[in-house]
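See below for the structure under consideration.
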Amino acid sequence: MNNTSQSPDLKAELKSYVKPIFVEIALIMLLGAVDTVMLSHLDTGVEGGSDNAVAAVGLDNQLFNLVILIFQFVSVGTGIVCAQYIGAGFRKKLVQVVGISLMVNAVVGGVMSVFLGLKTEAVLEFMDLAPELMEDGATYLRIIGSFAFFQAIGLAFSASLRSAGMTKYPMRVTVIVNIINIIGNYSLIFGHFGLPKLGVEGAAISTVICRGISMLAMGIIHTKKHIDKYPLEWFRPFPWAELKNVLKIGVPAAGENLSYCLSQVAITYFINQLGNTALATRTYCANCIMFVNLFCISVVQGGGIVVGHLIGAKKKIAAFLMGNFVYRYALIITLIVGTAIALAGHSILSFLTSNEEIIRLGTIIFFIDIILDIGRVGNIFATGTLRSTGDAVYPVIIGIFFQWSIAVGISYLLGITFGLGLIGMWIGFTLDENVRALILRRRWKSKRWATKSLVK
């Protein structure tokens, strides 16, 4: 690789990673969005029943995202450490790291599956879910939660493949899984092809089946294309140094994500106090907005692989220039897509629901979110790229402080205390994202991350 981000080889490498990552993440998002769209058209025989089903499933997915972040304590660290080891040519260390990741995620995934399967109602009662939403919420969460280990093991395989630049394989698996999920949802939610009409339960069953297929397919591909065996002698004595490197990145990285997700759970609790309409609006908007985030996330993840390889090869100037290119690229694309979503917001929401208040609130939120996008891109870029260099602690310190002081504190103040409702809360989110982005971008420009490489 040439020591400059302007090299056509580096830009071509970035694009080769971004395209399949984009498709994969889009389809993963679609996996959850399909549940929302189809449930929004479910005839429950009760007025507002479909919006209630969407609100219940939206809260469940918010909680399940928190569980996924627990699995990412190891998988995020695995992807970054492996990328640097591949850049440095450390094959044995690479195998050790992947083996550790699979083992830990399997154990943690199993524990979380048992917990969510047995304590479903207790979790939802803690979130103060409305009584009329409890039945749907408990049904959905119990089913997807009992098989959480599918997601845990699948994340480990995906992180390993991506670190090696094999981004096309997770994408292909996700394409197939989404086709199966759409057919499964259509069949089980509405009762087609001779199957029973199960509504929310059908959506959960279809999602679990797809996650199981994804895990198995990813494991088979990983064995055939990347690492086919894990020699026992390479794990005797146990490679504690490699586990330490994974946790050195994974714990702060997942810690920042965990803090963010917990802050969102707290905010969801506040939104729940505003009523089912506000909760449903948030669910509809979040499912649309995540497709705006998708462009930024895919570019930053692809850039993170390139930056990790460059750091492992000790090409730090090239890593810095590539990072700057990735940020500009992500910002331009995200703002274009965010503006398009805002302009089409009324039509999008009208397709999803007939509730005029949801449509009105959601349309306003889409326009506020354009300003939020500026900060969100800066955060996703700086946090992800700093992690790729090994500088994982600073983003979590900044994240925890501002997520709770501004995102939670200001959102509560504006939304609940001042009575601005969901609009006030979204203004609080916007302030949080932009303040954090300014601070983290400054860290990137300072180049203090240049001393944090894991390759010695």
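Naming scheme: A, B, ... for chains in displayed order of the structure tokens; residues 1 onward per chain; ligands 1 onward as shown.
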
Residue contacts of Ile182 of chain A (12 Å, only C-alpha atoms) excluding same-chain residues fewer than 6 positions away, as number ranges by chain: A: 27, 30-38, 175-176, 188-190, 202-203, 206-207, 209-210

Let me see the file: selected residues, C-alpha atoms, as a PDB file, in the first residue's frame.
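What landed in selection.pdb:
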```
ATOM      1  CA  LEU A  27     -30.615  -5.912   5.081  1.00  0.00           C
ATOM      2  CA  LEU A  30     -34.565  -4.414   7.049  1.00  0.00           C
ATOM      3  CA  LEU A  31     -34.869  -7.594   9.111  1.00  0.00           C
ATOM      4  CA  GLY A  32     -36.262  -5.524  11.991  1.00  0.00           C
ATOM      5  CA  ALA A  33     -38.069  -2.986   9.805  1.00  0.00           C
ATOM      6  CA  VAL A  34     -40.002  -5.732   8.007  1.00  0.00           C
ATOM      7  CA  ASP A  35     -41.535  -6.709  11.351  1.00  0.00           C
ATOM      8  CA  THR A  36     -42.594  -3.094  11.923  1.00  0.00           C
ATOM      9  CA  VAL A  37     -44.052  -2.567   8.430  1.00  0.00           C
ATOM     10  CA  MET A  38     -45.982  -5.826   8.372  1.00  0.00           C
ATOM     11  CA  VAL A 175     -29.536 -11.306   1.424  1.00  0.00           C
ATOM     12  CA  ILE A 176     -30.738 -14.901   1.680  1.00  0.00           C
ATOM     13  CA  LEU A 188     -46.841 -16.375  10.027  1.00  0.00           C
ATOM     14  CA  ILE A 189     -48.067 -12.842  10.800  1.00  0.00           C
ATOM     15  CA  PHE A 190     -51.061 -12.936   8.427  1.00  0.00           C
ATOM     16  CA  GLY A 202     -45.263 -15.059  14.028  1.00  0.00           C
ATOM     17  CA  ALA A 203     -42.928 -12.091  13.524  1.00  0.00           C
ATOM     18  CA  SER A 206     -39.624 -15.817  11.695  1.00  0.00           C
ATOM     19  CA  THR A 207     -36.888 -13.529  13.066  1.00  0.00           C
ATOM     20  CA  ILE A 209     -35.379 -18.829  12.411  1.00  0.00           C
ATOM     21  CA  CYS A 210     -33.538 -16.338  10.204  1.00  0.00           C
TER      22      CYS A 210
END
```

Every residue of segment 184-294 of chain A that DSSP places in helix (DSSP H, G or I), as a PyMOL selection string: chain A and resi 184-190+200-225+232-235+240-274+276-294

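Picture a line from atom CA of Asp432 of chain A to atom CA of Ile398 of chain A; it runs 10.7 Å.
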
Neighbour list for Arg436 of chain A as number ranges by chain, cut-off 8 Å, only C-alpha atoms, skip fewer than 2 positions in-chain: A: 375, 379, 398-399, 402, 432-434, 438-440

How would the residues just chosen look if you wrote them out with N, CA and C atoms as a PDB file, in the first residue's frame?
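Output (out-v5.pdb):
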```
ATOM      1  N   GLY A 375     -23.991  15.926  13.540  1.00  0.00           N
ATOM      2  CA  GLY A 375     -23.286  15.441  14.714  1.00  0.00           C
ATOM      3  C   GLY A 375     -23.139  13.939  14.722  1.00  0.00           C
ATOM      4  N   ASN A 379     -19.727  11.664  15.177  1.00  0.00           N
ATOM      5  CA  ASN A 379     -19.567  10.691  16.257  1.00  0.00           C
ATOM      6  C   ASN A 379     -19.251   9.297  15.750  1.00  0.00           C
ATOM      7  N   ILE A 398     -16.024  10.462  26.907  1.00  0.00           N
ATOM      8  CA  ILE A 398     -16.834  11.548  26.352  1.00  0.00           C
ATOM      9  C   ILE A 398     -18.286  11.104  26.172  1.00  0.00           C
ATOM     10  N   GLY A 399     -18.449   9.876  25.665  1.00  0.00           N
ATOM     11  CA  GLY A 399     -19.787   9.372  25.405  1.00  0.00           C
ATOM     12  C   GLY A 399     -20.636   9.287  26.664  1.00  0.00           C
ATOM     13  N   PHE A 402     -21.628  12.944  28.130  1.00  0.00           N
ATOM     14  CA  PHE A 402     -22.588  13.761  27.380  1.00  0.00           C
ATOM     15  C   PHE A 402     -23.894  13.028  27.078  1.00  0.00           C
ATOM     16  N   ASP A 432     -26.867  16.731  21.952  1.00  0.00           N
ATOM     17  CA  ASP A 432     -25.893  15.742  22.419  1.00  0.00           C
ATOM     18  C   ASP A 432     -24.968  15.280  21.292  1.00  0.00           C
ATOM     19  N   GLU A 433     -25.547  14.896  20.170  1.00  0.00           N
ATOM     20  CA  GLU A 433     -24.745  14.368  19.060  1.00  0.00           C
ATOM     21  C   GLU A 433     -23.746  15.401  18.551  1.00  0.00           C
ATOM     22  N   ASN A 434     -24.164  16.648  18.438  1.00  0.00           N
ATOM     23  CA  ASN A 434     -23.288  17.669  17.869  1.00  0.00           C
ATOM     24  C   ASN A 434     -22.177  18.095  18.828  1.00  0.00           C
ATOM     25  N   LEU A 438     -18.022  17.438  17.999  1.00  0.00           N
ATOM     26  CA  LEU A 438     -16.972  18.464  18.017  1.00  0.00           C
ATOM     27  C   LEU A 438     -15.759  18.014  18.832  1.00  0.00           C
ATOM     28  N   ILE A 439     -16.018  17.414  19.991  1.00  0.00           N
ATOM     29  CA  ILE A 439     -14.935  16.989  20.874  1.00  0.00           C
ATOM     30  C   ILE A 439     -14.163  15.812  20.286  1.00  0.00           C
ATOM     31  N   LEU A 440     -14.878  14.820  19.759  1.00  0.00           N
ATOM     32  CA  LEU A 440     -14.213  13.629  19.237  1.00  0.00           C
ATOM     33  C   LEU A 440     -13.479  13.914  17.929  1.00  0.00           C
TER      34      LEU A 440
END
```

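Reported to one decimal place, the separation of atom CA of His41 of chain A from atom CA of Asn185 of chain A is 12.0 Å.
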